[in-house]
$ cat start_33.txt   # compact mmCIF, C-alpha atoms and all ligand atoms
# COMPACT_ATOMS: atom_id res chain seq x y z
CA MET A 630 -9.76 -4.11 5.80
CA LEU A 631 -8.44 -1.47 3.42
CA ASP A 632 -5.86 -2.18 0.71
CA VAL A 633 -4.26 1.08 -0.42
CA GLY A 634 -3.15 0.74 -4.03
CA GLY A 635 -4.35 -2.84 -3.76
CA GLY A 636 -4.20 -3.24 -7.56
CA SER A 637 -5.45 -6.60 -8.79
CA ALA A 638 -6.06 -7.72 -5.17
CA ARG A 639 -3.60 -10.60 -5.17
CA VAL A 640 -3.13 -10.03 -1.43
CA GLY A 641 -6.83 -9.26 -0.91
CA GLU A 642 -7.76 -12.71 -2.20
CA PHE A 643 -5.62 -14.32 0.51
CA MET A 644 -7.08 -12.04 3.17
CA LEU A 645 -10.65 -12.88 2.12
CA GLU A 646 -9.83 -16.58 2.02
CA ALA A 647 -8.41 -16.18 5.53
CA GLY A 648 -11.74 -14.77 6.72
CA ALA A 649 -11.72 -10.97 6.24
CA SER A 650 -15.33 -9.79 6.48
CA ARG A 651 -14.88 -6.68 4.32
CA TYR A 652 -12.21 -5.85 1.76
CA VAL A 653 -11.87 -2.39 0.22
CA ASP A 654 -9.33 -1.90 -2.58
CA VAL A 655 -8.66 1.75 -3.49
CA ASP A 656 -6.61 2.17 -6.64
CA LEU A 657 -6.00 4.74 -9.37
CA SER A 658 -6.11 2.15 -12.12
CA ASP A 659 -9.36 0.91 -13.68
CA THR A 660 -7.43 -1.87 -15.37
CA MET A 661 -6.13 -3.20 -12.05
CA LEU A 662 -9.57 -2.90 -10.46
CA ASP A 663 -11.10 -4.86 -13.36
CA LEU A 664 -8.62 -7.66 -12.61
CA ALA A 665 -9.52 -7.41 -8.91
CA ARG A 666 -13.24 -7.64 -9.80
CA GLN A 667 -12.67 -10.84 -11.80
CA ARG A 668 -10.45 -12.34 -9.10
CA LEU A 669 -12.83 -11.61 -6.23
CA THR A 670 -16.23 -12.38 -7.81
CA ARG A 671 -16.90 -15.25 -5.42
CA PHE A 672 -16.63 -13.00 -2.36
CA GLU A 673 -19.61 -10.93 -3.59
CA ASP A 674 -20.67 -8.12 -1.25
CA LYS A 675 -17.63 -8.41 1.03
CA VAL A 676 -15.70 -6.56 -1.67
CA GLU A 677 -15.68 -2.85 -2.48
CA LEU A 678 -13.51 -1.50 -5.31
CA VAL A 679 -12.90 2.24 -5.24
CA GLN A 680 -11.29 3.96 -8.21
CA GLY A 681 -9.40 7.12 -7.37
CA ASP A 682 -6.48 8.78 -5.67
CA PHE A 683 -6.13 7.48 -2.12
CA LEU A 684 -5.72 11.02 -0.76
CA SER A 685 -9.13 12.13 -1.99
CA ALA A 686 -11.17 8.95 -2.61
CA PRO A 687 -14.36 8.64 -0.55
CA LEU A 688 -13.77 5.88 2.02
CA ASP A 689 -16.34 5.18 4.71
CA GLY A 690 -15.55 4.26 8.28
CA LEU A 691 -12.48 3.06 10.10
CA PHE A 692 -10.55 -0.08 9.25
CA ASP A 693 -9.03 -2.72 11.55
CA ILE A 694 -6.29 -3.45 9.03
CA VAL A 695 -4.80 -1.13 6.40
CA LEU A 696 -2.31 -2.54 3.89
CA ALA A 697 -0.08 -0.58 1.51
CA LEU A 698 2.16 -3.09 -0.23
CA GLY A 699 4.33 -2.10 -3.18
CA TYR A 700 2.68 1.32 -2.92
CA PHE A 701 5.27 3.69 -1.54
CA ASP A 702 7.89 2.95 -4.23
CA TYR A 703 6.31 5.59 -6.47
CA ILE A 704 4.60 7.95 -4.02
CA GLN A 705 6.02 11.49 -3.96
CA ASP A 706 4.49 12.76 -0.72
CA ALA A 707 4.73 9.82 1.68
CA PRO A 708 3.85 11.87 4.82
CA ALA A 709 0.42 12.85 3.38
CA HIS A 710 -0.33 9.22 2.46
CA VAL A 711 0.77 7.85 5.83
CA ARG A 712 -1.33 10.55 7.53
CA ARG A 713 -4.43 9.35 5.68
CA ILE A 714 -3.60 5.74 6.54
CA SER A 715 -3.36 6.81 10.17
CA GLU A 716 -6.73 8.63 10.01
CA LEU A 717 -8.47 5.55 8.60
CA CYS A 718 -6.78 2.87 10.71
CA GLN A 719 -8.12 1.83 14.09
CA GLY A 720 -5.94 -1.28 14.41
CA THR A 721 -2.89 -2.32 12.43
CA ALA A 722 -1.24 -0.83 9.35
CA VAL A 723 1.26 -2.82 7.29
CA ALA A 724 3.23 -1.13 4.53
CA SER A 725 6.29 -1.93 2.45
CA PHE A 726 8.94 0.62 1.53
CA PRO A 727 11.92 0.37 -0.78
CA ARG A 728 15.43 0.64 0.62
CA TRP A 729 18.60 1.52 -1.23
CA THR A 730 20.91 -1.45 -1.82
CA TRP A 731 24.03 -1.48 -3.94
CA THR A 732 22.96 -4.71 -5.60
CA LYS A 733 19.51 -3.63 -6.84
CA GLY A 734 19.57 0.16 -6.37
CA PRO A 735 21.51 1.22 -9.47
CA ILE A 736 19.49 -1.09 -11.75
CA ARG A 737 16.19 0.23 -10.33
CA LYS A 738 17.36 3.83 -10.80
CA VAL A 739 18.24 3.26 -14.46
CA ARG A 740 15.16 1.16 -15.22
CA TYR A 741 12.58 3.46 -13.60
CA GLU A 742 14.07 6.93 -13.53
CA VAL A 743 16.17 7.00 -16.69
CA ILE A 744 14.27 4.70 -19.06
CA ASN A 745 10.69 5.07 -17.78
CA ARG A 746 11.04 8.60 -16.34
CA CYS A 747 9.30 7.47 -13.18
CA PRO A 748 10.89 8.76 -9.97
CA ILE A 749 11.35 6.20 -7.22
CA PHE A 750 11.99 6.75 -3.54
CA ASP A 751 14.15 5.04 -0.94
CA TYR A 752 13.72 5.10 2.83
CA THR A 753 15.75 4.53 5.99
CA GLU A 754 14.52 2.99 9.23
CA PRO A 755 14.63 6.31 11.19
CA GLN A 756 12.57 8.00 8.44
CA LEU A 757 9.96 5.24 8.67
CA ARG A 758 9.75 5.43 12.46
CA GLU A 759 9.22 9.18 12.15
CA LEU A 760 6.56 8.73 9.42
CA PHE A 761 4.54 6.36 11.64
CA SER A 762 5.17 8.19 14.92
CA ASP A 763 1.44 8.82 15.29
CA PHE A 764 0.91 5.10 16.05
CA ASP A 765 1.48 3.56 19.51
CA ARG A 766 3.88 0.81 18.41
CA VAL A 767 5.98 0.61 15.27
CA GLY A 768 8.03 -2.37 14.07
CA VAL A 769 10.35 -2.19 11.09
CA LYS A 770 11.75 -5.31 9.43
CA SER A 771 14.52 -5.01 6.90
CA GLY A 772 14.44 -7.41 3.96
CA ARG A 773 16.65 -7.89 0.93
CA SER A 774 15.47 -4.81 -0.95
CA GLY A 775 13.03 -3.10 1.33
CA PHE A 776 11.39 -2.55 4.68
CA LEU A 777 8.14 -3.89 6.06
CA VAL A 778 6.50 -1.62 8.62
CA ARG A 779 3.87 -2.80 11.09
CA ALA A 780 2.24 0.01 13.03
CA ASP A 781 -0.35 -0.63 15.77
CA ARG A 782 -2.79 1.55 17.64
C1 LIG B 801 3.06 -1.90 -7.55
S1 LIG B 801 1.31 -1.87 -7.50
C2 LIG B 801 1.01 -2.84 -6.04
C3 LIG B 801 -0.32 -3.53 -6.08
C4 LIG B 801 -0.68 -4.39 -4.86
N1 LIG B 801 -0.61 -3.66 -3.62
C5 LIG B 801 0.17 -5.61 -4.79
O1 LIG B 801 1.02 -5.71 -3.88
O2 LIG B 801 0.00 -6.48 -5.66
C6 LIG B 801 0.94 -0.20 -6.95
C7 LIG B 801 -0.53 0.19 -7.13
O3 LIG B 801 -0.74 1.47 -6.54
C8 LIG B 801 -1.67 2.18 -7.34
N2 LIG B 801 -1.51 3.61 -7.03
C9 LIG B 801 -0.44 4.41 -7.25
N3 LIG B 801 -0.66 5.66 -6.78
C10 LIG B 801 -1.91 5.66 -6.24
C11 LIG B 801 -2.71 6.63 -5.59
N4 LIG B 801 -2.28 7.90 -5.40
N5 LIG B 801 -3.95 6.29 -5.15
C12 LIG B 801 -4.41 5.00 -5.35
N6 LIG B 801 -3.69 4.03 -5.97
C13 LIG B 801 -2.46 4.35 -6.40
C14 LIG B 801 -1.30 1.78 -8.77
O4 LIG B 801 -2.36 1.99 -9.66
C15 LIG B 801 -0.94 0.31 -8.59
O5 LIG B 801 -2.05 -0.54 -8.83
$ encode --input "start_33.txt" --output "structure tokens" --more "lines below"
Ligand SMILES: C[S@@+](CC[C@H](N)C(=O)[O-])C[C@H]1O[C@@H](n2cnc3c(N)ncnc32)[C@H](O)[C@@H]1O
Amino acid sequence: MLDVGGGSARVGEFMLEAGASRYVDVDLSDTMLDLARQRLTRFEDKVELVQGDFLSAPLDGLFDIVLALGYFDYIQDAPAHVRRISELCQGTAVASFPRWTWTKGPIRKVRYEVINRCPIFDYTEPQLRELFSDFDRVGVKSGRSGFLVRADR
């Protein structure tokens, strides 16, 4: 499986414990990948940590499962990233996306965009269905502050 922006591999650890035979974490941050390395030592050669931008990082083969959790909150060009997920996925992709809510939205805007100068993005269900239209089946679940997309080949 491939974990896009998998960071410190907190989800990867569960997936490996559940029996994943190969776990690839691609992430921009060396610091996060160092944490992933420490966390996943016991899984030895089942683990591959790739430092780089997901759009250009060298990734071999096709993956049965591609995860992108907490990733799209800060991604400017979501269509390009979903396209690459689609190219690499031969089974199921699961990705989370933020959604505007009047309870959390204004606080997120101030915290990230005004104070930290980090643009954030919000999505709607029709946008997500369009983004993943390349897949055969797409399910979108709406949670308290975001969406979870499951797309299957
Ligand atoms: C909010 S963290 C989520 C980490 C992990 N998926 C989780 O749920 O714990 C987002 C991660 O995406 C990584 N990231 C952001 N843009 C990226 C890109 N273009 N290519 C690869 N990783 C990226 C960041 O370095 C960060 O570790």
$ closest_residue --input "start_33.txt" --among "A:Gly772, A:Phe764, A:Arg713, A:Arg666" --to "Ala697 of chain A" --atoms "all atoms listed in the file"
A:Arg713
$ axis_aligned_box --input "start_33.txt" --around "segment 750-755 of chain A" --padding-each-side "8 Å" --output "lines of an AutoDock Vina configuration file"
center_x = 13.9
center_y = 4.9
center_z = 3.8
size_x = 19.8
size_y = 19.8
size_z = 30.7
$ closest_residue --input "start_33.txt" --among "A:Leu669, A:Ala780, A:Leu662, A:Leu657" --to "Phe643 of chain A" --atoms "all atoms listed in the file"
A:Leu669
$ atom_distance --input "start_33.txt" --atom1 "atom CA of Val653 of chain A" --atom2 "atom CA of Lys770 of chain A"
25.5 Å
$ atom_distance --input "start_33.txt" --atom1 "atom C7 of ligand LIG 801 (chain B)" --atom2 "atom CA of Asp656 of chain A"
6.4 Å
$ closest_residue --input "start_33.txt" --among "A:Ser725, A:Thr730, A:Ser762, A:Ser715" --to "ligand LIG 801 (chain B)" --atoms "all atoms listed in the file"
A:Ser725
$ closest_residue --input "start_33.txt" --among "A:Pro748, A:Pro687, A:Gly681, A:Pro755" --to "Gly768 of chain A" --atoms "only C-alpha atoms"
A:Pro755
$ closest_atom_pairs --input "start_33.txt" --of "chain A" --to "ligand LIG 801 (chain B)" --cutoff "9 Å" --atoms "all atoms listed in the file" --output "tab-separated table"
residue	atom	partner	partner_atom	distance
A:Asp632	CA	B:LIG801	N1	7.0
A:Val633	CA	B:LIG801	C12	6.3
A:Gly634	CA	B:LIG801	O3	3.6
A:Gly635	CA	B:LIG801	N1	3.8
A:Gly636	CA	B:LIG801	O5	3.7
A:Ser637	CA	B:LIG801	O2	6.3
A:Ala638	CA	B:LIG801	O2	6.2
A:Arg639	CA	B:LIG801	O2	5.5
A:Val640	CA	B:LIG801	O2	6.3
A:Gly641	CA	B:LIG801	O2	8.8
A:Asp654	CA	B:LIG801	N6	8.9
A:Val655	CA	B:LIG801	C12	5.7
A:Asp656	CA	B:LIG801	N6	3.5
A:Leu657	CA	B:LIG801	N6	4.2
A:Ser658	CA	B:LIG801	O4	4.5
A:Asp659	CA	B:LIG801	O4	8.1
A:Thr660	CA	B:LIG801	O4	8.6
A:Met661	CA	B:LIG801	O5	5.8
A:Leu662	CA	B:LIG801	O5	8.0
A:Val679	CA	B:LIG801	C12	8.9
A:Gln680	CA	B:LIG801	C12	7.5
A:Gly681	CA	B:LIG801	C12	5.8
A:Asp682	CA	B:LIG801	N5	3.6
A:Phe683	CA	B:LIG801	N5	3.9
A:Leu684	CA	B:LIG801	N4	6.6
A:Ser685	CA	B:LIG801	N5	8.4
A:Ala686	CA	B:LIG801	N5	8.1
A:Leu696	CA	B:LIG801	N1	7.8
A:Ala697	CA	B:LIG801	N1	6.0
A:Leu698	CA	B:LIG801	N1	4.4
A:Gly699	CA	B:LIG801	C2	4.4
A:Tyr700	CA	B:LIG801	C6	4.6
A:Phe701	CA	B:LIG801	C6	7.9
A:Asp702	CA	B:LIG801	C1	7.6
A:Tyr703	CA	B:LIG801	C9	6.9
A:Ile704	CA	B:LIG801	N3	6.4
A:His710	CA	B:LIG801	N4	8.2
$ closest_residue --input "start_33.txt" --among "A:Ala724, A:Leu757, A:Val676, A:Val767" --to "Ser650 of chain A" --atoms "all atoms listed in the file"
A:Val676
